[in-house]
$ cat protein-v9.tsv   # TSV, C-alpha atoms and all ligand atoms
chain	number	residue	atom	x	y	z
A	1	MET	CA	-11.32	6.79	17.91
A	2	SER	CA	-9.58	4.06	15.95
A	3	TRP	CA	-7.85	4.47	12.61
A	4	ARG	CA	-10.67	4.83	10.10
A	5	ALA	CA	-10.85	4.31	6.35
A	6	THR	CA	-13.76	5.62	4.31
A	7	VAL	CA	-13.83	4.45	0.70
A	8	LEU	CA	-15.81	6.33	-1.94
A	9	THR	CA	-16.68	3.90	-4.70
A	10	LEU	CA	-19.31	2.85	-7.23
A	11	PHE	CA	-18.75	-0.72	-6.03
A	12	PRO	CA	-19.07	-0.69	-2.21
A	13	GLU	CA	-19.64	-4.46	-2.22
A	14	MET	CA	-15.93	-4.89	-3.08
A	15	PHE	CA	-15.14	-3.90	0.55
A	16	PRO	CA	-13.85	-5.20	2.89
A	17	GLY	CA	-13.26	-8.04	0.39
A	18	PRO	CA	-9.82	-9.53	1.10
A	19	LEU	CA	-9.40	-7.16	4.06
A	20	GLY	CA	-12.14	-9.10	5.87
A	21	HIS	CA	-9.75	-12.07	6.09
A	22	SER	CA	-6.50	-12.94	7.84
A	23	LEU	CA	-4.77	-10.36	10.03
A	24	ALA	CA	-6.57	-7.29	8.66
A	25	GLY	CA	-9.96	-9.00	9.06
A	26	ARG	CA	-9.28	-10.00	12.65
A	27	ALA	CA	-8.07	-6.47	13.46
A	28	LEU	CA	-11.23	-5.06	11.84
A	29	ARG	CA	-13.44	-7.29	14.02
A	30	GLU	CA	-11.37	-6.33	17.08
A	31	GLY	CA	-11.96	-2.64	16.36
A	32	ARG	CA	-8.27	-1.81	15.78
A	33	TRP	CA	-9.40	-0.07	12.61
A	34	ALA	CA	-12.75	0.80	11.05
A	35	LEU	CA	-13.91	0.72	7.44
A	36	SER	CA	-16.90	2.16	5.64
A	37	ALA	CA	-17.57	2.09	1.93
A	38	LEU	CA	-19.88	4.82	0.63
A	39	ASP	CA	-21.66	4.33	-2.68
A	40	ILE	CA	-20.91	7.41	-4.81
A	41	ARG	CA	-24.14	6.80	-6.71
A	42	GLY	CA	-26.04	7.61	-3.53
A	43	PHE	CA	-24.88	11.24	-3.89
A	44	ALA	CA	-26.22	11.77	-7.40
A	45	ALA	CA	-28.88	14.49	-7.43
A	46	ASP	CA	-31.03	13.47	-10.39
A	47	ARG	CA	-33.74	10.86	-10.83
A	48	HIS	CA	-31.47	8.63	-12.92
A	49	ARG	CA	-28.67	8.81	-10.30
A	50	THR	CA	-26.19	9.99	-12.91
A	51	VAL	CA	-22.58	9.99	-11.68
A	52	ASP	CA	-20.69	10.51	-14.95
A	53	ASP	CA	-20.83	12.34	-18.25
A	54	ALA	CA	-18.93	12.65	-21.54
A	55	PRO	CA	-15.57	14.45	-21.42
A	56	PHE	CA	-15.48	18.07	-22.57
A	57	GLY	CA	-13.23	18.25	-25.63
A	58	GLY	CA	-14.37	14.83	-26.79
A	59	GLY	CA	-12.65	11.47	-26.60
A	60	PRO	CA	-13.52	8.02	-25.30
A	61	GLY	CA	-15.07	7.03	-21.99
A	62	MET	CA	-16.88	8.90	-19.27
A	63	VAL	CA	-15.77	11.26	-16.50
A	64	MET	CA	-17.13	11.32	-12.96
A	65	ARG	CA	-19.01	14.54	-12.19
A	66	PRO	CA	-17.42	16.99	-9.72
A	67	ASP	CA	-20.67	17.83	-7.90
A	68	VAL	CA	-21.45	14.18	-7.16
A	69	VAL	CA	-17.89	13.38	-6.04
A	70	ASP	CA	-17.83	16.52	-3.90
A	71	ALA	CA	-21.02	15.53	-2.08
A	72	ALA	CA	-19.54	12.08	-1.42
A	73	CYS	CA	-16.36	13.72	-0.03
A	74	ALA	CA	-18.43	15.88	2.32
A	75	ALA	CA	-20.21	12.80	3.68
A	76	ALA	CA	-16.89	11.00	4.19
A	77	LEU	CA	-15.37	13.97	6.05
A	78	ALA	CA	-18.45	14.17	8.27
A	79	GLU	CA	-17.77	10.60	9.47
A	80	GLY	CA	-14.57	11.77	11.14
A	81	PRO	CA	-12.01	11.63	12.53
A	82	ALA	CA	-11.04	15.08	11.29
A	83	GLU	CA	-7.80	15.75	9.40
A	84	ARG	CA	-7.88	12.54	7.37
A	85	PRO	CA	-6.08	12.97	4.04
A	86	LEU	CA	-8.26	12.56	0.98
A	87	ILE	CA	-6.54	10.30	-1.53
A	88	TYR	CA	-7.57	9.82	-5.14
A	89	LEU	CA	-6.24	6.56	-6.55
A	90	THR	CA	-5.07	7.07	-10.11
A	91	PRO	CA	-2.21	5.85	-12.31
A	92	ARG	CA	-1.35	9.56	-12.77
A	93	GLY	CA	-0.53	9.93	-9.07
A	94	ARG	CA	2.65	9.94	-7.05
A	95	LEU	CA	4.01	6.40	-6.67
A	96	LEU	CA	3.19	4.73	-3.33
A	97	ASP	CA	6.19	3.53	-1.31
A	98	GLN	CA	6.76	2.18	2.19
A	99	ALA	CA	7.81	5.57	3.58
A	100	LEU	CA	4.43	7.05	2.58
A	101	VAL	CA	2.62	3.95	3.92
A	102	ARG	CA	4.33	4.55	7.28
A	103	ASP	CA	3.22	8.21	7.31
A	104	LEU	CA	-0.38	7.35	6.39
A	105	ALA	CA	-0.61	4.53	8.96
A	106	ALA	CA	0.63	6.94	11.65
A	107	GLY	CA	-2.21	9.40	10.95
A	108	PRO	CA	-5.91	9.26	11.93
A	109	GLY	CA	-6.98	7.26	8.84
A	110	LEU	CA	-7.77	7.80	5.16
A	111	ILE	CA	-10.52	8.82	2.80
A	112	LEU	CA	-10.02	7.00	-0.50
A	113	LEU	CA	-11.67	7.98	-3.75
A	114	CYS	CA	-11.86	5.20	-6.33
A	115	GLY	CA	-12.35	6.36	-9.90
A	116	ARG	CA	-13.98	4.42	-12.69
A	117	TYR	CA	-14.40	5.28	-16.33
A	118	GLU	CA	-11.75	7.64	-17.66
A	119	GLY	CA	-11.37	9.36	-14.30
A	120	VAL	CA	-12.69	12.15	-12.12
A	121	ASP	CA	-13.25	15.80	-13.11
A	122	GLN	CA	-9.99	17.51	-12.16
A	123	ARG	CA	-11.73	20.49	-10.52
A	124	VAL	CA	-12.99	18.48	-7.55
A	125	VAL	CA	-9.57	16.85	-7.18
A	126	GLU	CA	-8.08	20.34	-6.83
A	127	ALA	CA	-10.91	21.91	-4.82
A	128	ARG	CA	-10.73	19.17	-2.18
A	129	GLY	CA	-6.91	19.20	-2.09
A	130	MET	CA	-6.74	15.48	-2.90
A	131	ILE	CA	-3.46	13.60	-2.94
A	132	GLU	CA	-3.26	11.69	-6.23
A	133	LEU	CA	-1.66	8.31	-5.61
A	134	SER	CA	-0.65	5.40	-7.87
A	135	ILE	CA	0.25	1.89	-6.65
A	136	GLY	CA	2.41	1.13	-9.69
A	137	ASP	CA	3.13	1.81	-13.33
A	138	TYR	CA	0.26	-0.19	-14.80
A	139	VAL	CA	-3.39	0.61	-15.37
A	140	LEU	CA	-6.21	-1.02	-13.40
A	141	SER	CA	-9.85	-0.85	-14.51
A	142	GLY	CA	-10.69	1.09	-11.36
A	143	GLY	CA	-9.22	2.41	-8.12
A	144	GLU	CA	-10.79	-0.29	-5.90
A	145	PRO	CA	-7.96	-2.87	-6.06
A	146	ALA	CA	-5.49	-0.03	-5.47
A	147	ALA	CA	-7.46	1.09	-2.39
A	148	LEU	CA	-7.35	-2.48	-1.07
A	149	VAL	CA	-3.59	-2.59	-1.61
A	150	LEU	CA	-3.02	0.74	0.15
A	151	LEU	CA	-5.26	-0.22	3.08
A	152	ASP	CA	-3.57	-3.61	3.52
A	153	ALA	CA	-0.15	-1.95	3.61
A	154	CYS	CA	-1.31	0.60	6.23
A	155	VAL	CA	-3.38	-1.70	8.44
A	156	ARG	CA	-0.58	-4.18	9.03
A	157	LEU	CA	1.44	-1.36	10.62
A	158	LEU	CA	-1.30	-0.40	13.12
A	159	PRO	CA	-0.62	-1.27	16.77
A	160	GLY	CA	-1.59	-4.85	17.66
A	161	VAL	CA	-2.40	-5.98	14.11
A	162	MET	CA	0.67	-8.11	13.44
A	163	GLY	CA	0.57	-9.84	16.84
A	164	ALA	CA	3.69	-11.86	17.60
A	165	GLY	CA	5.20	-10.87	14.27
A	166	ALA	CA	5.16	-7.20	15.25
A	167	ALA	CA	8.93	-7.05	15.56
A	168	SER	CA	9.27	-8.23	11.97
A	169	ALA	CA	6.83	-5.76	10.40
A	170	GLU	CA	9.54	-3.21	9.77
A	171	GLU	CA	12.41	-5.69	9.38
A	172	GLU	CA	11.37	-7.10	6.06
A	173	SER	CA	11.57	-5.97	2.44
A	174	HIS	CA	11.33	-2.20	2.01
A	175	GLY	CA	11.65	-1.88	5.77
A	176	ALA	CA	13.60	0.80	7.57
A	177	ALA	CA	16.92	-0.30	6.01
A	178	GLY	CA	15.57	0.15	2.45
A	179	LEU	CA	16.68	-3.36	1.44
A	180	LEU	CA	14.81	-6.35	0.02
A	181	GLU	CA	14.41	-9.21	2.44
A	182	TYR	CA	16.77	-12.21	2.68
A	183	PRO	CA	15.40	-15.64	1.59
A	184	HIS	CA	13.62	-17.93	4.07
A	185	TYR	CA	13.91	-21.68	4.70
A	186	THR	CA	12.18	-24.23	6.92
A	187	ARG	CA	12.14	-28.04	7.38
A	188	PRO	CA	13.08	-30.37	5.85
A	189	ALA	CA	16.75	-29.35	5.85
A	190	GLU	CA	17.12	-31.24	2.54
A	191	TRP	CA	14.35	-31.33	-0.06
A	192	GLN	CA	14.61	-32.76	-3.58
A	193	GLY	CA	18.38	-32.73	-3.22
A	194	ARG	CA	18.48	-29.05	-2.22
A	195	ARG	CA	20.05	-28.24	1.12
A	196	VAL	CA	19.28	-25.25	3.29
A	197	PRO	CA	22.34	-22.95	3.55
A	198	GLU	CA	24.56	-24.52	6.25
A	199	VAL	CA	24.99	-21.31	8.25
A	200	LEU	CA	21.27	-21.33	9.10
A	201	LEU	CA	21.66	-24.75	10.77
A	202	SER	CA	24.75	-23.67	12.75
A	203	GLY	CA	22.92	-22.04	15.67
A	204	HIS	CA	25.44	-19.19	15.45
A	205	HIS	CA	23.22	-16.12	15.73
A	206	ALA	CA	25.81	-13.52	14.77
A	207	GLU	CA	26.81	-15.49	11.65
A	208	VAL	CA	23.17	-16.00	10.69
A	209	ALA	CA	22.58	-12.25	11.01
A	210	ARG	CA	25.68	-11.51	8.91
A	211	TRP	CA	24.62	-13.99	6.20
A	212	ARG	CA	21.09	-12.55	6.05
A	213	ARG	CA	22.40	-9.02	5.80
A	214	ALA	CA	24.77	-10.01	2.96
A	215	GLU	CA	21.93	-11.81	1.11
A	216	SER	CA	19.65	-8.76	1.51
A	217	GLU	CA	22.34	-6.55	0.05
A	218	ARG	CA	23.15	-8.91	-2.84
A	219	ILE	CA	19.49	-9.37	-3.81
A	220	THR	CA	18.78	-5.64	-3.60
A	221	ARG	CA	21.84	-4.84	-5.75
A	222	GLU	CA	20.88	-7.47	-8.36
A	223	ARG	CA	17.12	-6.90	-8.55
A	224	ARG	CA	16.62	-3.29	-7.59
A	225	PRO	CA	19.56	-1.08	-8.48
A	226	ASP	CA	17.23	1.90	-7.96
A	227	LEU	CA	16.70	0.98	-4.27
A	228	TRP	CA	20.37	0.15	-3.90
A	229	SER	CA	21.62	3.51	-5.13
A	230	ARG	CA	19.10	5.39	-3.02
A	231	ARG	CA	20.42	3.46	-0.03
A	232	ASP	CA	23.99	4.48	-0.87
A	233	ARG	CA	22.95	8.10	-0.59
A	234	ASN	CA	21.25	7.47	2.77
A	235	ASP	CA	24.33	5.61	4.02
A	236	ALA	CA	26.58	8.47	3.08
A	237	ALA	CA	24.35	10.85	5.02
A	238	GLU	CA	24.42	8.57	8.08
A	239	GLY	CA	28.13	7.78	7.90
A	240	GLY	CA	27.59	4.18	6.71
A	241	ILE	CA	25.53	1.25	7.98
A	242	ALA	CA	26.93	-1.67	10.02
A	243	GLY	CA	30.47	-0.47	9.64
A	244	HIS	CA	30.47	-0.73	5.84
A	245	PRO	CA	31.37	2.33	3.86
A	246	ALA	CA	28.76	3.10	1.18
A	247	ALA	CA	29.54	0.58	-1.59
A	248	ALA	CA	29.87	1.58	-5.21
B	1	LIG	N1	-6.44	3.22	-10.93
B	1	LIG	C1	-6.14	2.63	-12.10
B	1	LIG	N2	-4.86	2.24	-12.13
B	1	LIG	C2	-4.31	2.61	-10.93
B	1	LIG	C3	-3.02	2.51	-10.37
B	1	LIG	N3	-2.00	1.94	-11.01
B	1	LIG	N4	-2.83	3.00	-9.14
B	1	LIG	C4	-3.84	3.58	-8.46
B	1	LIG	N5	-5.07	3.70	-8.95
B	1	LIG	C5	-5.31	3.23	-10.19

$ encode --input "protein-v9.tsv" --output "structure tokens"
Amino acid sequence: MSWRATVLTLFPEMFPGPLGHSLAGRALREGRWALSALDIRGFAADRHRTVDDAPFGGGPGMVMRPDVVDAACAAALAEGPAERPLIYLTPRGRLLDQALVRDLAAGPGLILLCGRYEGVDQRVVEARGMIELSIGDYVLSGGEPAALVLLDACVRLLPGVMGAGAASAEEESHGAAGLLEYPHYTRPAEWQGRRVPEVLLSGHHAEVARWRRAESERITRERRPDLWSRRDRNDAAEGGIAGHPAAA
């Protein structure tokens, strides 16, 4: 059985959306992964298909009912494969990073719950053992764009999805080395008076590799001191990378 994503949403027509295009879309058509979007409203028990209600304790907005969400979860689990983690996308969740993306892509697939309104009743989040996950420190109007982001990040790591670029999938920004990627250049070698760095035209592979590594390190240090200091700790544990002692 291929890697399978089941999305629980009030807006199933948002899927596959952008994931129906480019590499993810081709891989979907080739059966390298599977996607279904279940309409949460279809699991409402009453005549009016009510999925939400006012929050206990008062306050603005509406909360998604635990019984309706639970029934949707049961249907998603029944699709299989078994053992798929159930992820609730919420700005209150643990921050997504590439290490978690790698773990999730290596598993059997995902069940993704997209909240709307003020959120989902916390009891069903706990009862179903959901992992609460955020894609960044900003607030979206619903979990759907976050689900698309998470799926894109996972699908590109599945076997055969990246094609000829497979070797590069883990080489780039946030890859195994924990560095941002070096800058890229192509023809023309001079454009609007700007020249491509000479070393890239030299044909000297070892020097090109050294220059790229140095650029990756400089850019990471300048833009993401948080990533850079985490890398220092990893380096120390591994006895240094590429012969460099862990820099200050
Ligand atoms: N839903 C709303 N905002 C979100 C975020 N930042 N991450 C994940 N899900 C969300």

$ closest_residue --input "protein-v9.tsv" --among "A:Val69, A:Ala214, A:Val161, A:Cys114" --to "ligand LIG 1 (chain B)" --atoms "only C-alpha atoms and all ligand atoms"
A:Cys114

$ closest_residue --input "protein-v9.tsv" --among "A:Asp103, A:Asp97, A:Glu83, A:Glu126" --to "ligand LIG 1 (chain B)" --atoms "all atoms listed in the file"
A:Asp97

$ closest_atom_pairs --input "protein-v9.tsv" --of "region 38-154 of chain A" --to "region 17-21 of chain A" --cutoff "12 Å" --atoms "only C-alpha atoms" --output "tab-separated table"
residue	atom	partner	partner_atom	distance
A:Glu144	CA	A:Gly17	CA	10.3
A:Pro145	CA	A:Gly17	CA	9.8
A:Ala147	CA	A:Leu19	CA	10.7
A:Leu148	CA	A:Leu19	CA	7.2
A:Val149	CA	A:Leu19	CA	9.3
A:Leu150	CA	A:Leu19	CA	10.9
A:Leu151	CA	A:Leu19	CA	8.1
A:Asp152	CA	A:Leu19	CA	6.8
A:Ala153	CA	A:Leu19	CA	10.6
A:Cys154	CA	A:Leu19	CA	11.4

$ closest_residue --input "protein-v9.tsv" --among "A:Asp39, A:Asp121, A:Ala76, A:Arg231" --to "Met14 (chain A)" --atoms "all atoms listed in the file"
A:Asp39

$ residues_near_ligand --input "protein-v9.tsv" --ligand "ligand LIG 1 (chain B)" --cutoff "6 Å" --atoms "only C-alpha atoms and all ligand atoms" --output "JSON, numbers by chain"
{"A": [89, 90, 91, 133, 134, 135, 136, 137, 138, 139, 140, 141, 142, 143, 146]}

$ atom_distance --input "protein-v9.tsv" --atom1 "CA of Asp52 (chain A)" --atom2 "CA of Ala71 (chain A)"
13.8 Å

$ residues_near_point --input "protein-v9.tsv" --point "(13.5, -12.6, 5.2)" --cutoff "12 Å" --atoms "all atoms listed in the file" --output "PyMOL selection string"
chain A and resi 168-175+179-186+208-209+211-217+219

$ closest_residue --input "protein-v9.tsv" --among "A:Arg156, A:Arg224, A:Arg194, A:His204" --to "Gly25 (chain A)" --atoms "only C-alpha atoms"
A:Arg156

$ residues_around --input "protein-v9.tsv" --residues "region 41-51 of chain A" --least-positions-apart "4" --cutoff "8 Å" --atoms "only C-alpha atoms" --output "PDB file with C-alpha atoms, in the coordinates of the input"
ATOM      1  CA  LEU A  10     -19.310   2.850  -7.230  1.00  0.00           C
ATOM      2  CA  MET A  64     -17.130  11.320 -12.960  1.00  0.00           C
ATOM      3  CA  ARG A  65     -19.010  14.540 -12.190  1.00  0.00           C
ATOM      4  CA  VAL A  68     -21.450  14.180  -7.160  1.00  0.00           C
ATOM      5  CA  VAL A  69     -17.890  13.380  -6.040  1.00  0.00           C
ATOM      6  CA  ALA A  71     -21.020  15.530  -2.080  1.00  0.00           C
ATOM      7  CA  ALA A  72     -19.540  12.080  -1.420  1.00  0.00           C
TER       8      ALA A  72
END

$ residues_around --input "protein-v9.tsv" --residues "Ala37 (chain A)" --least-positions-apart "6" --cutoff "9 Å" --atoms "all atoms listed in the file" --output "PyMOL selection string"
chain A and resi 5-9+11-16

$ closest_residue --input "protein-v9.tsv" --among "A:Glu190, A:Leu113, A:Arg210, A:Ala177" --to "Asp232 (chain A)" --atoms "all atoms listed in the file"
A:Ala177

$ residues_around --input "protein-v9.tsv" --residues "Val125 (chain A)" --least-positions-apart "3" --cutoff "10 Å" --atoms "only C-alpha atoms" --output "PDB file with C-alpha atoms, keeping the file's coordinate frame"
ATOM      1  CA  PRO A  66     -17.420  16.990  -9.720  1.00  0.00           C
ATOM      2  CA  VAL A  69     -17.890  13.380  -6.040  1.00  0.00           C
ATOM      3  CA  ASP A  70     -17.830  16.520  -3.900  1.00  0.00           C
ATOM      4  CA  LEU A  86      -8.260  12.560   0.980  1.00  0.00           C
ATOM      5  CA  ILE A  87      -6.540  10.300  -1.530  1.00  0.00           C
ATOM      6  CA  TYR A  88      -7.570   9.820  -5.140  1.00  0.00           C
ATOM      7  CA  LEU A 113     -11.670   7.980  -3.750  1.00  0.00           C
ATOM      8  CA  VAL A 120     -12.690  12.150 -12.120  1.00  0.00           C
ATOM      9  CA  ASP A 121     -13.250  15.800 -13.110  1.00  0.00           C
ATOM     10  CA  GLN A 122      -9.990  17.510 -12.160  1.00  0.00           C
ATOM     11  CA  ARG A 128     -10.730  19.170  -2.180  1.00  0.00           C
ATOM     12  CA  GLY A 129      -6.910  19.200  -2.090  1.00  0.00           C
ATOM     13  CA  MET A 130      -6.740  15.480  -2.900  1.00  0.00           C
ATOM     14  CA  ILE A 131      -3.460  13.600  -2.940  1.00  0.00           C
ATOM     15  CA  GLU A 132      -3.260  11.690  -6.230  1.00  0.00           C
TER      16      GLU A 132
END

$ axis_aligned_box --input "protein-v9.tsv" --around "region 30-34 of chain A" --padding-each-side "6 Å" --output "JSON"
{"center_x": -10.5, "center_y": -2.8, "center_z": 14.1, "size_x": 16.5, "size_y": 19.1, "size_z": 18.0}

$ atom_distance --input "protein-v9.tsv" --atom1 "CA of Gly31 (chain A)" --atom2 "CA of Gly160 (chain A)"
10.7 Å

$ atom_distance --input "protein-v9.tsv" --atom1 "CA of Asn234 (chain A)" --atom2 "CA of Arg94 (chain A)"
21.2 Å

$ decode --input "protein-v9.tsv" --residues "region 114-173 of chain A" --atoms "C-alpha atoms" --output "tab-separated table (two decimals), in the first residue's frame"
chain	number	residue	atom	x	y	z
A	114	CYS	CA	-8.06	20.82	9.59
A	115	GLY	CA	-9.83	23.08	12.07
A	116	ARG	CA	-11.98	26.06	11.24
A	117	TYR	CA	-13.67	28.55	13.51
A	118	GLU	CA	-11.95	28.97	16.86
A	119	GLY	CA	-10.76	25.37	16.88
A	120	VAL	CA	-11.69	21.84	17.86
A	121	ASP	CA	-13.06	20.65	21.22
A	122	GLN	CA	-9.95	19.64	23.16
A	123	ARG	CA	-11.47	16.37	24.43
A	124	VAL	CA	-11.41	14.70	21.02
A	125	VAL	CA	-7.86	15.94	20.45
A	126	GLU	CA	-6.84	14.14	23.65
A	127	ALA	CA	-9.08	11.08	23.25
A	128	ARG	CA	-7.67	10.35	19.78
A	129	GLY	CA	-4.07	11.04	20.86
A	130	MET	CA	-3.64	13.68	18.14
A	131	ILE	CA	-0.31	15.36	17.51
A	132	GLU	CA	-0.90	19.12	17.47
A	133	LEU	CA	1.28	20.70	14.79
A	134	SER	CA	1.91	24.29	13.67
A	135	ILE	CA	3.64	25.29	10.41
A	136	GLY	CA	4.80	28.65	11.77
A	137	ASP	CA	4.21	31.47	14.22
A	138	TYR	CA	1.33	33.14	12.39
A	139	VAL	CA	-2.38	32.44	12.28
A	140	LEU	CA	-4.16	31.08	9.20
A	141	SER	CA	-7.94	31.17	8.81
A	142	GLY	CA	-8.00	27.37	8.77
A	143	GLY	CA	-5.77	24.30	8.82
A	144	GLU	CA	-6.14	23.54	5.08
A	145	PRO	CA	-3.17	25.60	3.79
A	146	ALA	CA	-1.08	24.14	6.62
A	147	ALA	CA	-2.09	20.59	5.59
A	148	LEU	CA	-1.06	21.38	2.00
A	149	VAL	CA	2.30	22.65	3.23
A	150	LEU	CA	2.93	19.58	5.39
A	151	LEU	CA	1.90	17.19	2.60
A	152	ASP	CA	4.11	18.94	0.04
A	153	ALA	CA	7.11	18.70	2.37
A	154	CYS	CA	6.50	14.96	2.98
A	155	VAL	CA	5.60	13.90	-0.55
A	156	ARG	CA	8.77	15.28	-2.12
A	157	LEU	CA	10.76	12.90	0.11
A	158	LEU	CA	8.86	9.77	-1.01
A	159	PRO	CA	10.80	7.33	-3.22
A	160	GLY	CA	10.69	8.26	-6.92
A	161	VAL	CA	8.95	11.62	-6.47
A	162	MET	CA	11.91	13.92	-7.09
A	163	GLY	CA	13.16	11.97	-10.13
A	164	ALA	CA	16.62	13.04	-11.28
A	165	GLY	CA	16.82	15.59	-8.50
A	166	ALA	CA	16.57	12.87	-5.86
A	167	ALA	CA	20.18	13.30	-4.80
A	168	SER	CA	19.51	16.96	-4.06
A	169	ALA	CA	16.37	16.48	-1.96
A	170	GLU	CA	18.34	16.24	1.25
A	171	GLU	CA	21.26	18.43	0.16
A	172	GLU	CA	19.42	21.71	0.19
A	173	SER	CA	18.28	24.17	2.86
